Each structure stands twice: as C-alpha cells, then as structure tokens.
$ cat protein_19.cif   # mmCIF, C-alpha atoms
data_my_file
loop_
_atom_site.group_PDB
_atom_site.id
_atom_site.type_symbol
_atom_site.label_atom_id
_atom_site.label_comp_id
_atom_site.auth_asym_id
_atom_site.auth_seq_id
_atom_site.Cartn_x
_atom_site.Cartn_y
_atom_site.Cartn_z
ATOM 1 C CA SER E 5 -84.942 -37.246 -10.366
ATOM 2 C CA THR E 6 -85.271 -40.900 -11.303
ATOM 3 C CA GLN E 7 -87.960 -43.100 -9.836
ATOM 4 C CA SER E 8 -86.731 -46.175 -7.936
ATOM 5 C CA THR E 9 -88.424 -49.142 -6.334
ATOM 6 C CA TRP E 10 -87.359 -50.054 -2.824
ATOM 7 C CA GLY E 11 -85.946 -53.546 -2.514
ATOM 8 C CA HIS E 12 -86.209 -55.854 0.464
ATOM 9 C CA SER E 13 -82.737 -54.887 1.678
ATOM 10 C CA GLU E 14 -83.566 -51.164 1.710
ATOM 11 C CA CYS E 15 -86.803 -51.741 3.650
ATOM 12 C CA LEU E 16 -85.104 -54.064 6.141
ATOM 13 C CA PHE E 17 -82.288 -51.600 6.745
ATOM 14 C CA PHE E 18 -84.773 -48.722 7.085
ATOM 15 C CA SER E 19 -86.824 -50.615 9.704
ATOM 16 C CA TRP E 20 -83.767 -51.727 11.673
ATOM 17 C CA TYR E 21 -82.256 -48.246 11.769
ATOM 18 C CA SER E 22 -85.524 -46.711 12.990
ATOM 19 C CA LEU E 23 -85.838 -49.241 15.817
ATOM 20 C CA VAL E 24 -82.230 -48.710 16.970
ATOM 21 C CA TYR E 25 -82.692 -44.952 17.143
ATOM 22 C CA ALA E 26 -86.024 -45.211 18.916
ATOM 23 C CA THR E 27 -84.555 -47.529 21.544
ATOM 24 C CA SER E 28 -81.610 -45.210 22.193
ATOM 25 C CA TRP E 29 -83.895 -42.186 22.628
ATOM 26 C CA LYS E 30 -86.100 -44.133 25.040
ATOM 27 C CA GLU E 31 -83.111 -45.120 27.190
ATOM 28 C CA ASN E 32 -81.892 -41.509 27.280
ATOM 29 C CA ALA E 33 -85.354 -40.299 28.287
ATOM 30 C CA ARG E 34 -85.518 -42.881 31.070
ATOM 31 C CA GLU E 35 -82.206 -41.672 32.506
ATOM 32 C CA MET E 36 -83.169 -38.000 32.209
ATOM 33 C CA THR E 37 -86.526 -38.597 33.888
ATOM 34 C CA LYS E 38 -84.883 -40.574 36.691
ATOM 35 C CA ARG E 39 -82.279 -37.846 37.238
ATOM 36 C CA THR E 40 -84.921 -35.103 37.332
ATOM 37 C CA ARG E 41 -87.014 -36.999 39.859
ATOM 38 C CA LEU E 42 -84.004 -37.702 42.061
ATOM 39 C CA GLN E 43 -83.024 -34.033 42.078
ATOM 40 C CA SER E 44 -86.514 -32.934 43.049
ATOM 41 C CA VAL E 45 -87.722 -35.534 45.549
ATOM 42 C CA GLN E 46 -85.563 -36.915 48.371
ATOM 43 C CA PRO E 47 -85.551 -40.699 48.819
ATOM 44 C CA VAL E 48 -88.127 -41.856 51.338
ATOM 45 C CA ALA E 49 -88.796 -45.069 53.238
ATOM 46 C CA ASP E 50 -91.330 -47.546 51.909
ATOM 47 C CA ALA E 51 -93.785 -46.511 54.609
ATOM 48 C CA ASP E 52 -93.776 -42.944 53.216
ATOM 49 C CA ALA E 53 -94.115 -43.950 49.559
ATOM 50 C CA ASP E 54 -97.778 -42.945 49.300
ATOM 51 C CA ALA E 55 -97.106 -39.532 50.838
ATOM 52 C CA ALA E 56 -94.193 -38.975 48.478
ATOM 53 C CA ALA E 57 -96.340 -39.884 45.471
ATOM 54 C CA ALA E 58 -99.002 -37.406 46.567
ATOM 55 C CA SER E 59 -96.361 -34.706 47.010
ATOM 56 C CA GLU E 60 -94.963 -35.423 43.569
ATOM 57 C CA SER E 61 -98.410 -35.225 42.033
ATOM 58 C CA SER E 62 -99.075 -31.876 43.688
ATOM 59 C CA LEU E 63 -95.927 -30.481 42.109
ATOM 60 C CA GLY E 64 -97.367 -31.296 38.691
ATOM 61 C CA TYR E 65 -94.735 -33.771 37.476
ATOM 62 C CA SER E 66 -95.225 -35.140 33.993
ATOM 63 C CA ASP E 67 -95.953 -38.855 33.972
ATOM 64 C CA PRO E 68 -92.525 -40.538 33.544
ATOM 65 C CA SER E 69 -94.064 -43.265 31.382
ATOM 66 C CA ARG E 70 -95.509 -40.551 29.121
ATOM 67 C CA VAL E 71 -92.076 -38.944 28.800
ATOM 68 C CA LYS E 72 -90.611 -42.292 27.781
ATOM 69 C CA ARG E 73 -93.396 -42.946 25.281
ATOM 70 C CA ILE E 74 -92.958 -39.551 23.645
ATOM 71 C CA SER E 75 -89.180 -39.947 23.549
ATOM 72 C CA PHE E 76 -89.566 -43.398 22.022
ATOM 73 C CA MET E 77 -91.815 -42.018 19.275
ATOM 74 C CA LEU E 78 -89.478 -39.096 18.611
ATOM 75 C CA GLY E 79 -86.571 -41.511 18.489
ATOM 76 C CA LEU E 80 -88.494 -43.670 16.044
ATOM 77 C CA LEU E 81 -89.124 -40.631 13.864
ATOM 78 C CA THR E 82 -85.462 -39.623 14.049
ATOM 79 C CA GLY E 83 -84.377 -43.075 12.964
ATOM 80 C CA ALA E 84 -86.991 -43.099 10.201
ATOM 81 C CA GLY E 85 -85.773 -39.724 8.949
ATOM 82 C CA ILE E 86 -82.135 -40.793 8.903
ATOM 83 C CA GLY E 87 -83.130 -44.068 7.260
ATOM 84 C CA LEU E 88 -84.932 -42.161 4.506
ATOM 85 C CA GLN E 89 -81.852 -40.015 3.932
ATOM 86 C CA LEU E 90 -79.666 -43.101 3.594
ATOM 87 C CA VAL E 91 -82.189 -44.625 1.188
ATOM 88 C CA ALA E 92 -82.042 -41.388 -0.838
ATOM 89 C CA PHE E 93 -78.286 -41.691 -1.238
ATOM 90 C CA TRP E 94 -78.639 -45.405 -1.919
ATOM 91 C CA THR E 95 -81.233 -44.967 -4.681
ATOM 92 C CA TRP E 96 -80.134 -41.487 -5.803
ATOM 93 C CA THR E 97 -83.693 -40.180 -5.349
ATOM 94 C CA LEU E 98 -84.450 -36.705 -4.007
ATOM 95 C CA TRP E 99 -87.830 -37.097 -2.291
ATOM 96 C CA PRO E 100 -86.635 -39.500 0.463
ATOM 97 C CA LEU E 101 -83.856 -37.030 1.267
ATOM 98 C CA SER E 102 -86.299 -34.129 1.422
ATOM 99 C CA LEU E 103 -88.792 -35.999 3.606
ATOM 100 C CA GLY E 104 -86.051 -37.569 5.732
ATOM 101 C CA LEU E 105 -84.442 -34.229 6.553
ATOM 102 C CA TYR E 106 -87.825 -32.815 7.531
ATOM 103 C CA ILE E 107 -88.760 -35.732 9.790
ATOM 104 C CA THR E 108 -85.341 -35.795 11.485
ATOM 105 C CA SER E 109 -85.335 -32.054 12.061
ATOM 106 C CA LEU E 110 -88.868 -32.057 13.495
ATOM 107 C CA ALA E 111 -88.124 -34.915 15.900
ATOM 108 C CA LEU E 112 -84.777 -33.491 17.044
ATOM 109 C CA PHE E 113 -86.312 -30.059 17.590
ATOM 110 C CA HIS E 114 -88.949 -31.330 20.001
ATOM 111 C CA GLN E 115 -86.570 -33.730 21.727
ATOM 112 C CA SER E 116 -84.009 -30.959 22.271
ATOM 113 C CA GLU E 117 -86.700 -28.725 23.795
ATOM 114 C CA PHE E 118 -87.248 -31.344 26.510
ATOM 115 C CA TRP E 119 -83.542 -31.915 27.133
ATOM 116 C CA LEU E 120 -82.765 -28.205 27.419
ATOM 117 C CA THR E 121 -85.731 -27.696 29.741
ATOM 118 C CA ALA E 122 -84.580 -30.592 31.923
ATOM 119 C CA ILE E 123 -81.066 -29.148 32.108
ATOM 120 C CA TYR E 124 -81.782 -25.447 32.577
ATOM 121 C CA ARG E 125 -85.443 -25.097 33.586
ATOM 122 C CA GLU E 126 -86.372 -28.238 35.483
ATOM 123 C CA ARG E 127 -89.240 -26.400 37.185
ATOM 124 C CA GLU E 128 -90.999 -25.916 33.848
ATOM 125 C CA ILE E 129 -91.139 -29.680 33.265
ATOM 126 C CA LYS E 130 -93.711 -29.683 36.069
ATOM 127 C CA GLU E 131 -95.659 -26.765 34.638
ATOM 128 C CA HIS E 132 -96.158 -27.403 30.934
ATOM 129 C CA ASP E 133 -95.343 -29.689 28.025
ATOM 130 C CA ALA E 134 -91.540 -29.512 27.868
ATOM 131 C CA PHE E 135 -91.488 -31.205 24.463
ATOM 132 C CA LEU E 136 -93.387 -28.207 23.070
ATOM 133 C CA LEU E 137 -95.686 -30.601 21.215
ATOM 134 C CA HIS E 138 -98.870 -28.923 22.499
ATOM 135 C CA ASN E 139 -97.927 -25.583 21.000
ATOM 136 C CA GLY E 140 -101.483 -24.504 20.273
ATOM 137 C CA SER E 141 -104.002 -25.722 17.726
ATOM 138 C CA GLU E 142 -102.503 -23.382 15.123
ATOM 139 C CA TYR E 143 -99.204 -25.273 15.289
ATOM 140 C CA ILE E 144 -100.913 -28.630 14.742
ATOM 141 C CA ILE E 145 -102.933 -27.231 11.837
ATOM 142 C CA ALA E 146 -99.758 -25.843 10.260
ATOM 143 C CA LEU E 147 -98.048 -29.236 10.539
ATOM 144 C CA VAL E 148 -100.992 -31.092 9.015
ATOM 145 C CA MET E 149 -101.327 -28.586 6.175
ATOM 146 C CA SER E 150 -97.658 -29.010 5.293
ATOM 147 C CA TRP E 151 -98.079 -32.796 5.166
ATOM 148 C CA VAL E 152 -101.182 -32.465 2.991
ATOM 149 C CA GLU E 153 -99.433 -30.112 0.573
ATOM 150 C CA PHE E 154 -96.399 -32.380 0.320
ATOM 151 C CA ALA E 155 -98.594 -35.435 -0.394
ATOM 152 C CA ILE E 156 -100.729 -33.672 -3.013
ATOM 153 C CA GLU E 157 -97.771 -32.174 -4.851
ATOM 154 C CA PHE E 158 -95.781 -35.412 -4.665
ATOM 155 C CA LEU E 159 -98.655 -37.402 -6.154
ATOM 156 C CA PHE E 160 -99.992 -34.942 -8.741
ATOM 157 C CA PHE E 161 -97.179 -32.419 -9.368
ATOM 158 C CA PRO E 162 -93.946 -34.366 -8.798
ATOM 159 C CA SER E 163 -91.954 -32.052 -11.058
ATOM 160 C CA ILE E 164 -91.884 -29.330 -8.369
ATOM 161 C CA LYS E 165 -90.234 -31.732 -5.901
ATOM 162 C CA CYS E 166 -87.044 -32.118 -7.933
ATOM 163 C CA TYR E 167 -84.982 -29.042 -7.006
ATOM 164 C CA CYS E 168 -81.978 -30.056 -4.938
ATOM 165 C CA SER E 169 -80.874 -26.425 -4.431
ATOM 166 C CA ILE E 170 -84.113 -25.652 -2.569
ATOM 167 C CA VAL E 171 -83.603 -28.642 -0.279
ATOM 168 C CA VAL E 172 -80.036 -27.495 0.443
ATOM 169 C CA LEU E 173 -81.290 -23.991 1.268
ATOM 170 C CA GLY E 174 -83.926 -25.495 3.557
ATOM 171 C CA LEU E 175 -81.304 -27.625 5.309
ATOM 172 C CA LEU E 176 -79.149 -24.535 5.872
ATOM 173 C CA LEU E 177 -82.066 -22.702 7.495
ATOM 174 C CA LEU E 178 -82.875 -25.758 9.630
ATOM 175 C CA VAL E 179 -79.337 -25.892 10.992
ATOM 176 C CA VAL E 180 -78.976 -22.136 11.519
ATOM 177 C CA GLY E 181 -82.435 -21.756 13.084
ATOM 178 C CA HIS E 182 -82.128 -24.695 15.459
ATOM 179 C CA ALA E 183 -78.572 -23.738 16.452
ATOM 180 C CA ALA E 184 -79.676 -20.159 17.210
ATOM 181 C CA ARG E 185 -82.535 -21.346 19.414
ATOM 182 C CA ILE E 186 -80.284 -23.733 21.321
ATOM 183 C CA ALA E 187 -77.675 -20.985 21.754
ATOM 184 C CA ALA E 188 -80.359 -18.632 23.115
ATOM 185 C CA ILE E 189 -81.511 -21.148 25.731
ATOM 186 C CA VAL E 190 -77.982 -22.145 26.749
ATOM 187 C CA THR E 191 -76.843 -18.509 27.034
ATOM 188 C CA LEU E 192 -79.712 -17.551 29.360
ATOM 189 C CA GLY E 193 -79.636 -20.840 31.254
ATOM 190 C CA GLY E 194 -82.041 -20.768 34.184
ATOM 191 C CA ASN E 195 -83.352 -17.339 33.192
ATOM 192 C CA PHE E 196 -84.813 -18.655 29.948
ATOM 193 C CA SER E 197 -88.559 -19.236 29.956
ATOM 194 C CA PHE E 198 -90.912 -20.646 27.330
ATOM 195 C CA LEU E 199 -93.632 -18.393 28.727
ATOM 196 C CA VAL E 200 -93.660 -14.598 28.690
ATOM 197 C CA GLU E 201 -93.125 -13.513 32.300
ATOM 198 C CA ASP E 202 -94.685 -10.207 33.374
ATOM 199 C CA THR E 203 -93.022 -10.182 36.799
ATOM 200 C CA ARG E 204 -89.304 -9.715 37.329
ATOM 201 C CA ARG E 205 -87.738 -12.425 39.465
ATOM 202 C CA PRO E 206 -84.783 -11.545 41.741
ATOM 203 C CA GLU E 207 -82.382 -13.537 39.544
ATOM 204 C CA HIS E 208 -83.497 -11.810 36.339
ATOM 205 C CA THR E 209 -80.669 -9.927 34.615
ATOM 206 C CA LEU E 210 -80.434 -8.362 31.168
ATOM 207 C CA CYS E 211 -78.232 -10.558 28.992
ATOM 208 C CA THR E 212 -76.347 -8.695 26.268
ATOM 209 C CA SER E 213 -73.521 -11.171 25.726
ATOM 210 C CA GLY E 214 -73.083 -14.228 23.527
ATOM 211 C CA ILE E 215 -75.700 -14.534 20.815
ATOM 212 C CA TYR E 216 -77.692 -11.747 22.509
ATOM 213 C CA ALA E 217 -74.968 -9.298 21.502
ATOM 214 C CA TYR E 218 -75.984 -9.789 17.868
ATOM 215 C CA CYS E 219 -79.672 -10.661 18.086
ATOM 216 C CA ARG E 220 -82.210 -9.384 20.620
ATOM 217 C CA HIS E 221 -84.582 -12.334 20.337
ATOM 218 C CA PRO E 222 -82.478 -15.279 19.085
ATOM 219 C CA ALA E 223 -85.006 -17.910 20.202
ATOM 220 C CA TYR E 224 -87.651 -16.282 17.996
ATOM 221 C CA PHE E 225 -85.120 -15.778 15.209
ATOM 222 C CA GLY E 226 -84.274 -19.480 15.383
ATOM 223 C CA PHE E 227 -87.865 -20.708 15.386
ATOM 224 C CA PHE E 228 -88.831 -18.342 12.551
ATOM 225 C CA TRP E 229 -86.109 -19.510 10.178
ATOM 226 C CA TRP E 230 -86.315 -23.127 11.303
ATOM 227 C CA GLY E 231 -90.035 -23.161 10.453
ATOM 228 C CA ILE E 232 -89.414 -21.741 6.983
ATOM 229 C CA GLY E 233 -86.570 -24.225 6.544
ATOM 230 C CA THR E 234 -88.922 -27.154 7.171
ATOM 231 C CA GLN E 235 -91.110 -26.083 4.260
ATOM 232 C CA LEU E 236 -88.218 -25.375 1.918
ATOM 233 C CA THR E 237 -86.856 -28.814 2.715
ATOM 234 C CA LEU E 238 -90.221 -30.323 1.764
ATOM 235 C CA GLN E 239 -90.321 -27.997 -1.282
ATOM 236 C CA ASN E 240 -93.785 -26.782 -0.293
ATOM 237 C CA PRO E 241 -94.245 -23.426 -2.059
ATOM 238 C CA VAL E 242 -97.654 -22.624 -0.548
ATOM 239 C CA CYS E 243 -96.728 -23.476 3.045
ATOM 240 C CA THR E 244 -93.360 -21.754 2.735
ATOM 241 C CA VAL E 245 -95.115 -18.452 2.072
ATOM 242 C CA ALA E 246 -97.871 -19.168 4.610
ATOM 243 C CA TYR E 247 -95.387 -20.093 7.360
ATOM 244 C CA ALA E 248 -93.330 -16.973 6.702
ATOM 245 C CA VAL E 249 -96.342 -14.641 6.832
ATOM 246 C CA VAL E 250 -98.083 -16.200 9.848
ATOM 247 C CA THR E 251 -94.966 -16.552 12.001
ATOM 248 C CA TRP E 252 -93.815 -13.037 11.087
ATOM 249 C CA TYR E 253 -97.066 -11.493 12.329
ATOM 250 C CA PHE E 254 -96.993 -13.687 15.448
ATOM 251 C CA PHE E 255 -93.450 -12.744 16.414
ATOM 252 C CA GLN E 256 -93.955 -9.085 15.510
ATOM 253 C CA ASP E 257 -96.777 -8.806 18.040
ATOM 254 C CA ARG E 258 -94.904 -10.825 20.651
ATOM 255 C CA ILE E 259 -91.693 -8.833 20.273
ATOM 256 C CA ARG E 260 -93.555 -5.527 20.548
ATOM 257 C CA TYR E 261 -95.231 -6.727 23.744
ATOM 258 C CA GLU E 262 -92.017 -8.033 25.286
ATOM 259 C CA ASP E 263 -89.984 -4.964 24.334
ATOM 260 C CA ALA E 264 -92.595 -2.659 25.846
ATOM 261 C CA MET E 265 -92.705 -4.702 29.046
ATOM 262 C CA LEU E 266 -88.908 -5.011 29.405
ATOM 263 C CA SER E 267 -88.560 -1.251 28.914
ATOM 264 C CA THR E 268 -90.745 -0.523 31.952
ATOM 265 C CA ALA E 269 -89.306 0.481 35.317
ATOM 266 C CA ARG E 270 -90.214 -2.850 36.944
ATOM 267 C CA PHE E 271 -87.833 -4.611 34.550
ATOM 268 C CA PHE E 272 -84.835 -2.863 32.943
ATOM 269 C CA GLY E 273 -86.159 0.570 31.940
ATOM 270 C CA SER E 274 -83.803 2.799 29.947
ATOM 271 C CA THR E 275 -81.091 0.115 29.964
ATOM 272 C CA TYR E 276 -83.245 -2.148 27.853
ATOM 273 C CA GLU E 277 -84.422 0.735 25.682
ATOM 274 C CA LYS E 278 -80.783 1.484 24.822
ATOM 275 C CA TYR E 279 -80.149 -2.195 24.122
ATOM 276 C CA ARG E 280 -83.232 -2.339 21.899
ATOM 277 C CA THR E 281 -82.036 0.534 19.746
ATOM 278 C CA GLU E 282 -78.570 -0.982 19.324
ATOM 279 C CA VAL E 283 -79.421 -4.661 18.642
ATOM 280 C CA ARG E 284 -81.939 -5.908 16.091
ATOM 281 C CA SER E 285 -84.680 -8.357 16.943
ATOM 282 C CA GLY E 286 -83.575 -10.964 14.434
ATOM 283 C CA ILE E 287 -86.928 -11.054 12.622
ATOM 284 C CA PRO E 288 -86.833 -9.328 9.177
ATOM 285 C CA PHE E 289 -88.475 -5.881 9.081
ATOM 286 C CA CYS E 290 -89.226 -6.079 12.790
ATOM 287 C CA ARG E 291 -86.966 -3.575 14.543
#
$ encode --input "protein_19.cif" --output "structure tokens"
Amino acid sequence: STQSTWGHSECLFFSWYSLVYATSWKENAREMTKRTRLQSVQPVADADADAAAASESSLGYSDPSRVKRISFMLGLLTGAGIGLQLVAFWTWTLWPLSLGLYITSLALFHQSEFWLTAIYREREIKEHDAFLLHNGSEYIIALVMSWVEFAIEFLFFPSIKCYCSIVVLGLLLLVVGHAARIAAIVTLGGNFSFLVEDTRRPEHTLCTSGIYAYCRHPAYFGFFWWGIGTQLTLQNPVCTVAYAVVTWYFFQDRIRYEDAMLSTARFFGSTYEKYRTEVRSGIPFCR
C-alpha cells in the first residue's frame, strides 16, 4: 500500500466524527441508565431520598456517572474507528482501515454487552461489570499484547500489514462472531447469564430452537471467532495463533464443565445428553 500524509482536513474530519459518535453514545447511556433505575426503584418523596439512596446502594447498582463515562469513551472509540476507516478510503491506505475496523468492533462489542444486559438481564447490571471490560487479567494482557504486536510490526515490518484479503477475512469473522453472540443472548432472553450457574432456577428451560438448533454454545462460538477476527483484522500473525490456542483451551474446559453439569438430574438429565449428541458445540474439535 502507498504511504500518505494526513492533511488538516482529514484530521479535522476525524476529530469531529469521533466527538459526534461519543456524544451520541453518552446520550444513549444516560437514557438507558435512567430507564433501568426507574424500573427498579419506585419514585419516592424528597423526605425519603436518603433511604432510597441507601436501598439502591445495597442492591449493588453501578454508578450511573461511571456508566456514562464508559459509554462516552466507547462512543469516542467507535467514532475514532469509523473515522479511521473513512480516512483509509480517502487516502487509499490499508492500515487505517485495519486499525479502524478493530477499534470499532472492540468498542461496539463491549457497548452491546451492556445494552443486552440492560434489556434482558437487568439484575446482572447490579452484580457485575455489564460492559464485560473487567474480563480477567488474561483478557487485558491479551489486548495489550495485540496492540504491542501491531505497533512493532507496523513500525519495523510494514510489509506484513499490506494484505487486504486477510483484513476482509477478519472482518467476516468479526461480523459472524458478534452476530452469533447477540443471537445467543436474544434467543435465551432472561435465561441468559454471563456467569456459569450451578443451580437451576424455576424459569430455566432447555432451549433447542433458533441458533441453539444449530450450535450448542453460540455465545462461546461467537466470542471465539470474534476474538480471532480481531487479530486477523490487525494482521497480527503471532496473536492470531495465540488467541486461537488460548481461547480454544479455555472454552474446551468450560464446555466440558457446563455439559457435565447440564446433564445431571438437577438440570436436564438425559434430555440434555440427547441434545448434546445431536448438536455440536460450535468450537472446532470440541464435540
């Protein structure tokens, strides 16, 4: 690809677009937070405001201002990613497209986790990080390592960042993986949980319809391929292999544990065992 220098117009447009997107995300977060609070806490008189605040705190609500700050930052990243993609088409340069797709996908993934939790699992907003940003130290290390690899290769080995076909393949995996995860959450609705539950709730039912008719663990399938897609989009050969290996072992262990638990009598017993033999997990070489 050809090297291009950004002009003042490109930088101005990039900055403006990022700010517009960040502002829109912040407004959406404010409305979602307000709606969640209204659904959970009945309006009270001014004299009872302190008692209501204490009650809200005991339920473990996330700080609304924190939600808005995170949404603002994710919106800023989304706008920055889209701005980079537009700059790529403007200058006919591949690396802004590659980096822009990655940034946009990462921001939209975490923002969608919060929105879906707010819609289908409001209770979990009170219990853990609904943005899924604090996904363990391993997740943060993996992100940082991918950024380091991209920077090193871009600066010292730019020739390996010039394959448009790899970026297209990465984009395809990003779309398919994210769509599968969203479909999994929407299909299960209120029965979906980000945590592995070892106790069957009265409303728990075995879902074998929708995307679950074709894939036993579509949320894991989606995250697995989405993660690999992020590294293909960045054209990171080392992290592509590392992500694939690490996430495969993680989901293999998790799927084995969940399948064993769901096959017990306290969950779905032989019904789930039959379902397990008929429908694949969605993770390669993990039956």
$ closest_atom_pairs --input "protein_19.cif" --of "stretch 187-253 of chain E" --to "stretch 134-151 of chain E" --cutoff "12 Å" --atoms "only C-alpha atoms" --output "JSON lines"
{"residue": "E:Ser197", "atom": "CA", "partner": "E:Ala134", "partner_atom": "CA", "distance": 10.9}
{"residue": "E:Phe198", "atom": "CA", "partner": "E:Ala134", "partner_atom": "CA", "distance": 8.9}
{"residue": "E:Leu199", "atom": "CA", "partner": "E:Leu136", "partner_atom": "CA", "distance": 11.3}
{"residue": "E:Gly231", "atom": "CA", "partner": "E:Leu147", "partner_atom": "CA", "distance": 10.1}
{"residue": "E:Ile232", "atom": "CA", "partner": "E:Ser150", "partner_atom": "CA", "distance": 11.1}
{"residue": "E:Thr234", "atom": "CA", "partner": "E:Ser150", "partner_atom": "CA", "distance": 9.1}
{"residue": "E:Gln235", "atom": "CA", "partner": "E:Ser150", "partner_atom": "CA", "distance": 7.2}
{"residue": "E:Leu236", "atom": "CA", "partner": "E:Ser150", "partner_atom": "CA", "distance": 10.7}
{"residue": "E:Thr237", "atom": "CA", "partner": "E:Ser150", "partner_atom": "CA", "distance": 11.1}
{"residue": "E:Leu238", "atom": "CA", "partner": "E:Ser150", "partner_atom": "CA", "distance": 8.3}
{"residue": "E:Gln239", "atom": "CA", "partner": "E:Ser150", "partner_atom": "CA", "distance": 9.9}
{"residue": "E:Asn240", "atom": "CA", "partner": "E:Ser150", "partner_atom": "CA", "distance": 7.2}
{"residue": "E:Pro241", "atom": "CA", "partner": "E:Ser150", "partner_atom": "CA", "distance": 9.8}
{"residue": "E:Val242", "atom": "CA", "partner": "E:Ser150", "partner_atom": "CA", "distance": 8.7}
{"residue": "E:Cys243", "atom": "CA", "partner": "E:Ser150", "partner_atom": "CA", "distance": 6.0}
{"residue": "E:Thr244", "atom": "CA", "partner": "E:Ser150", "partner_atom": "CA", "distance": 8.8}
{"residue": "E:Val245", "atom": "CA", "partner": "E:Ser150", "partner_atom": "CA", "distance": 11.3}
{"residue": "E:Ala246", "atom": "CA", "partner": "E:Ala146", "partner_atom": "CA", "distance": 8.9}
{"residue": "E:Tyr247", "atom": "CA", "partner": "E:Ala146", "partner_atom": "CA", "distance": 7.8}
{"residue": "E:Ala248", "atom": "CA", "partner": "E:Ala146", "partner_atom": "CA", "distance": 11.5}
{"residue": "E:Val250", "atom": "CA", "partner": "E:Ala146", "partner_atom": "CA", "distance": 9.8}
{"residue": "E:Thr251", "atom": "CA", "partner": "E:Tyr143", "partner_atom": "CA", "distance": 10.2}
$ residues_near_point --input "protein_19.cif" --point "(-82.5, -8.5, 38.7)" --cutoff "12 Å" --atoms "all atoms listed in the file" --output "count of residues only"
16
$ residues_near_point --input "protein_19.cif" --point "(-80.5, -10.9, 19.5)" --cutoff "7 Å" --atoms "all atoms listed in the file" --output "list in words"
Ile215, Tyr216, Ala217, Tyr218, Cys219, Arg220, His221, Pro222, Val283, Arg284, Ser285 and Gly286 of chain E
$ atom_distance --input "protein_19.cif" --atom1 "atom CA of E:Phe228" --atom2 "atom CA of E:Ser169"
20.4 Å
$ atom_distance --input "protein_19.cif" --atom1 "atom CA of E:Leu88" --atom2 "atom CA of E:Pro100"
5.1 Å
$ resolve_selection --input "protein_19.cif" --expression "the PyMOL selection byres ((chain E and resi 277) around 10)" --output "count of residues only"
15
$ closest_residue --input "protein_19.cif" --among "E:Phe255, E:Phe118, E:Ile86, E:Ser102" --to "E:Ile74" --atoms "only C-alpha atoms"
E:Phe118
$ closest_residue --input "protein_19.cif" --among "E:Leu81, E:Glu126, E:Phe93, E:Arg291" --to "E:Ala111" --atoms "all atoms listed in the file"
E:Leu81
$ atom_distance --input "protein_19.cif" --atom1 "atom CA of E:Leu112" --atom2 "atom CA of E:Leu78"
7.5 Å
$ resolve_selection --input "protein_19.cif" --expression "the PyMOL selection byres ((chain E and resi 230) around 10)" --output "ChimeraX atom specification"
/E:109-110,113,174-185,224-229,231-236
$ closest_residue --input "protein_19.cif" --among "E:Val91, E:Val171, E:Leu120, E:Cys290" --to "E:Leu105" --atoms "all atoms listed in the file"
E:Val171
$ decode --input "protein_19.cif" --residues "stretch 173-178 of chain E" --atoms "all heavy atoms" --output "compact mmCIF listing (two decimals), in the first residue's frame"
# COMPACT_ATOMS: atom_id res chain seq x y z
N LEU E 173 -11.10 -11.21 5.55
CA LEU E 173 -11.42 -12.42 6.30
C LEU E 173 -11.67 -12.09 7.77
O LEU E 173 -12.60 -12.61 8.39
CB LEU E 173 -10.28 -13.43 6.17
CG LEU E 173 -10.44 -14.73 6.97
CD1 LEU E 173 -11.70 -15.49 6.56
CD2 LEU E 173 -9.19 -15.62 6.81
N GLY E 174 -10.83 -11.23 8.33
CA GLY E 174 -11.02 -10.82 9.72
C GLY E 174 -12.35 -10.12 9.93
O GLY E 174 -13.05 -10.38 10.91
N LEU E 175 -12.71 -9.24 9.00
CA LEU E 175 -14.00 -8.54 9.09
C LEU E 175 -15.16 -9.52 9.05
O LEU E 175 -16.13 -9.38 9.80
CB LEU E 175 -14.12 -7.53 7.95
CG LEU E 175 -15.45 -6.79 7.85
CD1 LEU E 175 -15.75 -6.00 9.11
CD2 LEU E 175 -15.45 -5.88 6.61
N LEU E 176 -15.06 -10.53 8.20
CA LEU E 176 -16.12 -11.55 8.11
C LEU E 176 -16.28 -12.27 9.44
O LEU E 176 -17.41 -12.48 9.92
CB LEU E 176 -15.78 -12.55 7.00
CG LEU E 176 -16.77 -13.70 6.81
CD1 LEU E 176 -18.14 -13.18 6.40
CD2 LEU E 176 -16.24 -14.69 5.76
N LEU E 177 -15.17 -12.64 10.07
CA LEU E 177 -15.24 -13.32 11.36
C LEU E 177 -15.78 -12.40 12.46
O LEU E 177 -16.50 -12.84 13.35
CB LEU E 177 -13.86 -13.85 11.76
CG LEU E 177 -13.30 -14.99 10.90
CD1 LEU E 177 -11.95 -15.44 11.44
CD2 LEU E 177 -14.26 -16.17 10.86
N LEU E 178 -15.43 -11.11 12.39
CA LEU E 178 -15.96 -10.15 13.36
C LEU E 178 -17.48 -10.09 13.28
O LEU E 178 -18.17 -10.12 14.30
CB LEU E 178 -15.37 -8.76 13.09
CG LEU E 178 -13.90 -8.53 13.44
CD1 LEU E 178 -13.49 -7.13 13.02
CD2 LEU E 178 -13.66 -8.72 14.93
